[in-house]
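Some notes on the structure that comes next.
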Amino acid sequence: MKGFVPTPRETVDTMVDLLFRGRSPTADNTVLDPGCGTGEFIGGVIRWCQRRRLPLPRITGVESDPCHLPALRAKYDRLRAVSIEHADFLEDSRTAYDYIVGNPPYVPITGLSEAEKARYRARYATARGRFDLYLLFFEEALRRLAPGGRLVFITPEKYLYVETAGPLRELLARRHVEEILLVREDTFGELVTYPTITVVGHAPPGRTQVVRRDGTTVTVKLPPRGDPWLPFLEGDVSQCAAVRLADLCLRLSCGVATGADSVFVRPAEGLDPALRPFAHPTIAGRELAPATTDLTPRFIMLIPYGADGRLMPLGQLGALQSYLLRHDVRRRLVARTCVKRKPWYAFHETPVLRDILRPKILCKDIGETPHFWIDRSGEIVPRHSVYYIVPRESATIDVIADYLRSPSAHEWLRRNCQRAAKGFLRLQSHVLQRLPVPDNVARAAAGGRPVLGAGARPLQAELSFR
Ligand SMILES: C[S@@+](CC[C@H](N)C(=O)[O-])C[C@H]1O[C@@H](n2cnc3c(N)ncnc32)[C@H](O)[C@@H]1O
């Protein structure tokens, strides 16, 4: 069963109301429910028409999972207006529909076979990066929507802001996204986080009505390209700020991924003194306690790289060489998949020590609220669960840290960051980079000099963000 999550009747009825709002379908109109499961939306369309004593339009349900077919056939076989197709909705088809309504499958890329991934990548603009099947369903549905038609889908809210959904936002923005409803979090119980109903007309772009979870509404103009929508939906004008955090930083990245922390990260206490030349204090997200500004790492990272970022030859590693060659250590290191492409004792990713070993601001990758710590000495090596922000001007590190800790920066991050479990914020570097910085803060952080904003940043090529 690929991505089967049935839609509750109340939500189905809301969506069918939106589908036919201001219109009355005729017997000649066509309605499609792609990935119809047990036919909840087919039932919803029938109820809607029966209540208004209207003839049924021609309804098609497409479902690829044969296990739903007996239930579907039992329910709808006697209705001439309904046809059930046992088919893959993501196969080529040219049939267009006047109305499309549904709850597409949520299947992450990890749930797809290699053949499926290759096929989807060849066919769909939305099959980019770590895509999810619901993005492809959206694209296919847009393709099959007849001119003047309307599409109503319920999906996770994530497509409004995740980078992977940029191509979908771009496709949607070519049509009229009539309404976006951020519906109750518990609509599907625990199964779908932050569900969202999207109403799209096959018509030129126009304004979009947004209904937020607190019931307030706003009408917005969505950006034409694949930019994240969430800030626009929340009426965040700070999106227009000229200077972004990236403009003030030399580097803004995720910490070091060794690929074998059990080997390279050791307790600082009791460390063999012969290993000290290769040992750098290191910190992981779980060691950053929101209640304290203190940074006293209890662990060190053994780093076989030189300050120039090059992996040192084994023969120059002295005591570290003996440690790495220990049978259990070597066995652990050669078992990593990354060593197919690099020397067996290399890190998963090359640590950019040149930038890392500088005064910097640290934050956890996931947290209930954003917190920032300052590593003034520049000695700490952040691990993969920590992001680090290296200001261009070390002397003004406090100006940037103070701004990052301010209510306005927190509010922006709250609106723009992806959510992890329990509503925690996921602080990713591409989001942090876009954090708007007020002019006065930018100027102070640059030591009083004016700062060039994004787009007018001549040094972009020498910056490294990931
Ligand atoms: C989230 S469920 C929704 C079911 C139903 N529409 C509802 O709302 O109750 C998605 C459905 O899509 C079906 N599905 C998954 N991949 C499909 C594909 N490629 N073609 C057709 N159906 C598919 C699944 O079997 C599942 O029944």
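In the structure tokens, the first chain shown is A, the next is B, and so on; residue numbers restart at 1 for each chain, and ligands run from 1 in the order shown.
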Point to revise | Env. residues ligand 1 / 8 Å / only C-alpha atoms and all ligand atoms / as number ranges by chain | key: A: 1-8, 12, 33-41, 62-65, 68, 86-91, 102-106, 133
Any chance you could list, as a tab-separated table (two decimals) with N, CA and C atoms, in the first residue's frame, the residues in range 141-340 of chain A that come up strand (DSSP E) when DSSP is run on the backbone?
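Saved as out.tsv:
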```
chain	number	residue	atom	x	y	z
A	145	LEU	N	-5.56	19.19	-15.92
A	145	LEU	CA	-6.69	20.07	-15.63
A	145	LEU	C	-7.08	20.84	-16.90
A	146	ALA	N	-8.36	20.73	-17.27
A	146	ALA	CA	-8.83	21.40	-18.50
A	146	ALA	C	-8.86	22.91	-18.29
A	147	PRO	N	-8.71	23.70	-19.37
A	147	PRO	CA	-8.82	25.16	-19.24
A	147	PRO	C	-10.15	25.51	-18.57
A	148	GLY	N	-10.08	26.44	-17.62
A	148	GLY	CA	-11.29	26.84	-16.87
A	148	GLY	C	-11.59	25.88	-15.72
A	149	GLY	N	-10.83	24.77	-15.62
A	149	GLY	CA	-11.12	23.78	-14.59
A	149	GLY	C	-10.56	24.17	-13.23
A	150	ARG	N	-10.86	23.34	-12.23
A	150	ARG	CA	-10.38	23.63	-10.87
A	150	ARG	C	-9.85	22.36	-10.20
A	151	LEU	N	-8.79	22.56	-9.45
A	151	LEU	CA	-8.12	21.44	-8.76
A	151	LEU	C	-8.10	21.74	-7.26
A	152	VAL	N	-8.48	20.75	-6.45
A	152	VAL	CA	-8.39	20.93	-4.99
A	152	VAL	C	-7.66	19.71	-4.41
A	153	PHE	N	-6.52	19.97	-3.77
A	153	PHE	CA	-5.72	18.89	-3.18
A	153	PHE	C	-5.48	19.18	-1.71
A	154	ILE	N	-5.40	18.12	-0.94
A	154	ILE	CA	-4.92	18.28	0.44
A	154	ILE	C	-3.55	17.59	0.52
A	155	THR	N	-2.57	18.31	1.03
A	155	THR	CA	-1.19	17.80	1.07
A	155	THR	C	-0.53	18.32	2.35
A	156	PRO	N	0.67	17.85	2.64
A	156	PRO	CA	1.40	18.49	3.73
A	156	PRO	C	1.71	19.94	3.38
A	176	HIS	N	-3.92	30.15	-11.46
A	176	HIS	CA	-4.48	30.98	-10.39
A	176	HIS	C	-4.66	30.12	-9.13
A	177	VAL	N	-3.75	30.31	-8.18
A	177	VAL	CA	-3.92	29.64	-6.88
A	177	VAL	C	-4.98	30.46	-6.14
A	178	GLU	N	-6.20	29.94	-6.12
A	178	GLU	CA	-7.33	30.74	-5.62
A	178	GLU	C	-7.31	30.82	-4.10
A	179	GLU	N	-7.00	29.68	-3.48
A	179	GLU	CA	-7.09	29.68	-2.02
A	179	GLU	C	-6.12	28.66	-1.42
A	180	ILE	N	-5.58	29.01	-0.25
A	180	ILE	CA	-4.75	28.07	0.51
A	180	ILE	C	-5.31	28.06	1.92
A	181	LEU	N	-5.71	26.89	2.37
A	181	LEU	CA	-6.27	26.77	3.73
A	181	LEU	C	-5.32	25.95	4.58
A	182	LEU	N	-4.76	26.56	5.59
A	182	LEU	CA	-3.88	25.82	6.49
A	182	LEU	C	-4.81	25.17	7.52
A	195	PRO	N	-1.46	19.72	7.58
A	195	PRO	CA	-2.09	19.56	6.26
A	195	PRO	C	-2.60	20.90	5.73
A	196	THR	N	-2.64	20.97	4.41
A	196	THR	CA	-3.02	22.21	3.74
A	196	THR	C	-3.86	21.90	2.51
A	197	ILE	N	-4.96	22.64	2.36
A	197	ILE	CA	-5.79	22.47	1.16
A	197	ILE	C	-5.43	23.58	0.19
A	198	THR	N	-5.19	23.19	-1.06
A	198	THR	CA	-4.84	24.19	-2.09
A	198	THR	C	-5.89	24.12	-3.20
A	199	VAL	N	-6.41	25.29	-3.57
A	199	VAL	CA	-7.42	25.37	-4.63
A	199	VAL	C	-6.77	26.11	-5.81
A	200	VAL	N	-6.71	25.43	-6.97
A	200	VAL	CA	-6.04	26.04	-8.13
A	200	VAL	C	-6.99	26.04	-9.32
A	201	GLY	N	-7.10	27.19	-9.97
A	201	GLY	CA	-7.91	27.27	-11.18
A	201	GLY	C	-7.01	27.27	-12.40
A	208	THR	N	-4.44	35.40	-4.11
A	208	THR	CA	-4.72	34.16	-3.38
A	208	THR	C	-5.27	34.49	-2.00
A	209	GLN	N	-6.38	33.85	-1.67
A	209	GLN	CA	-6.92	34.02	-0.32
A	209	GLN	C	-6.28	32.96	0.58
A	210	VAL	N	-5.77	33.40	1.72
A	210	VAL	CA	-5.13	32.44	2.64
A	210	VAL	C	-5.93	32.40	3.93
A	211	VAL	N	-6.26	31.19	4.37
A	211	VAL	CA	-6.94	31.04	5.66
A	211	VAL	C	-5.94	30.37	6.59
A	217	THR	N	-7.67	35.59	7.93
A	217	THR	CA	-7.47	35.45	6.49
A	217	THR	C	-6.67	36.62	5.95
A	218	VAL	N	-6.05	36.40	4.83
A	218	VAL	CA	-5.29	37.46	4.18
A	218	VAL	C	-5.31	37.17	2.68
A	219	THR	N	-5.28	38.22	1.88
A	219	THR	CA	-5.22	38.01	0.43
A	219	THR	C	-3.84	38.45	-0.03
A	220	VAL	N	-3.17	37.58	-0.76
A	220	VAL	CA	-1.78	37.88	-1.13
A	220	VAL	C	-1.54	37.66	-2.62
A	243	VAL	N	19.56	43.54	2.88
A	243	VAL	CA	20.72	42.79	3.38
A	243	VAL	C	20.25	41.51	4.07
A	244	ARG	N	20.93	40.42	3.76
A	244	ARG	CA	20.62	39.12	4.38
A	244	ARG	C	21.81	38.69	5.21
A	249	CYS	N	28.48	37.33	6.30
A	249	CYS	CA	29.23	36.15	6.76
A	249	CYS	C	30.25	35.66	5.73
A	250	LEU	N	31.29	35.11	6.28
A	250	LEU	CA	32.30	34.46	5.47
A	250	LEU	C	31.85	33.04	5.15
A	251	ARG	N	31.19	32.46	6.13
A	251	ARG	CA	30.71	31.10	5.96
A	251	ARG	C	29.52	30.85	6.87
A	252	LEU	N	28.56	30.08	6.37
A	252	LEU	CA	27.39	29.71	7.17
A	252	LEU	C	27.08	28.27	6.77
A	253	SER	N	27.46	27.33	7.61
A	253	SER	CA	27.41	25.93	7.18
A	253	SER	C	27.03	25.01	8.31
A	254	CYS	N	26.75	23.78	7.89
A	254	CYS	CA	26.52	22.71	8.85
A	254	CYS	C	27.89	22.21	9.31
A	265	VAL	N	35.67	11.13	17.43
A	265	VAL	CA	35.30	11.98	18.56
A	265	VAL	C	35.54	11.20	19.85
A	266	ARG	N	36.39	11.73	20.71
A	266	ARG	CA	36.79	11.01	21.93
A	266	ARG	C	36.63	11.96	23.12
A	267	PRO	N	36.45	11.39	24.33
A	267	PRO	CA	36.38	12.26	25.51
A	267	PRO	C	37.70	13.01	25.68
A	279	ALA	N	44.05	16.94	18.10
A	279	ALA	CA	42.77	17.01	18.83
A	279	ALA	C	42.24	18.44	18.88
A	280	HIS	N	40.98	18.59	18.49
A	280	HIS	CA	40.33	19.90	18.55
A	280	HIS	C	39.07	19.77	19.40
A	281	PRO	N	38.82	20.73	20.31
A	281	PRO	CA	37.58	20.64	21.07
A	281	PRO	C	36.39	20.65	20.11
A	282	THR	N	35.41	19.81	20.40
A	282	THR	CA	34.26	19.70	19.48
A	282	THR	C	32.96	19.69	20.27
A	283	ILE	N	31.89	20.09	19.60
A	283	ILE	CA	30.60	20.14	20.29
A	283	ILE	C	29.49	19.67	19.36
A	299	PHE	N	34.44	16.88	24.69
A	299	PHE	CA	34.99	15.94	23.71
A	299	PHE	C	35.98	16.65	22.78
A	300	ILE	N	36.81	15.86	22.16
A	300	ILE	CA	37.72	16.41	21.14
A	300	ILE	C	37.48	15.63	19.84
A	301	MET	N	37.83	16.28	18.73
A	301	MET	CA	37.76	15.57	17.45
A	301	MET	C	39.19	15.38	16.95
A	302	LEU	N	39.53	14.15	16.61
A	302	LEU	CA	40.86	13.86	16.06
A	302	LEU	C	40.78	14.13	14.56
```
**Study point:** Shell around Arg121 in chain A at 12 Å using only C-alpha atoms, local window under 3 positions removed, as number ranges by chain
**Key:** A: 90, 109, 112, 114-118, 124-133, 135-136
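For range 80-123 of chain A, backbone-based DSSP labels the following residues as helix (DSSP H, G or I): Ile109, Thr110, Gly111, Glu114, Ala115, Glu116, Lys117, Ala118, Arg119, Tyr120, Arg121, Ala122 and Arg123 of chain A.
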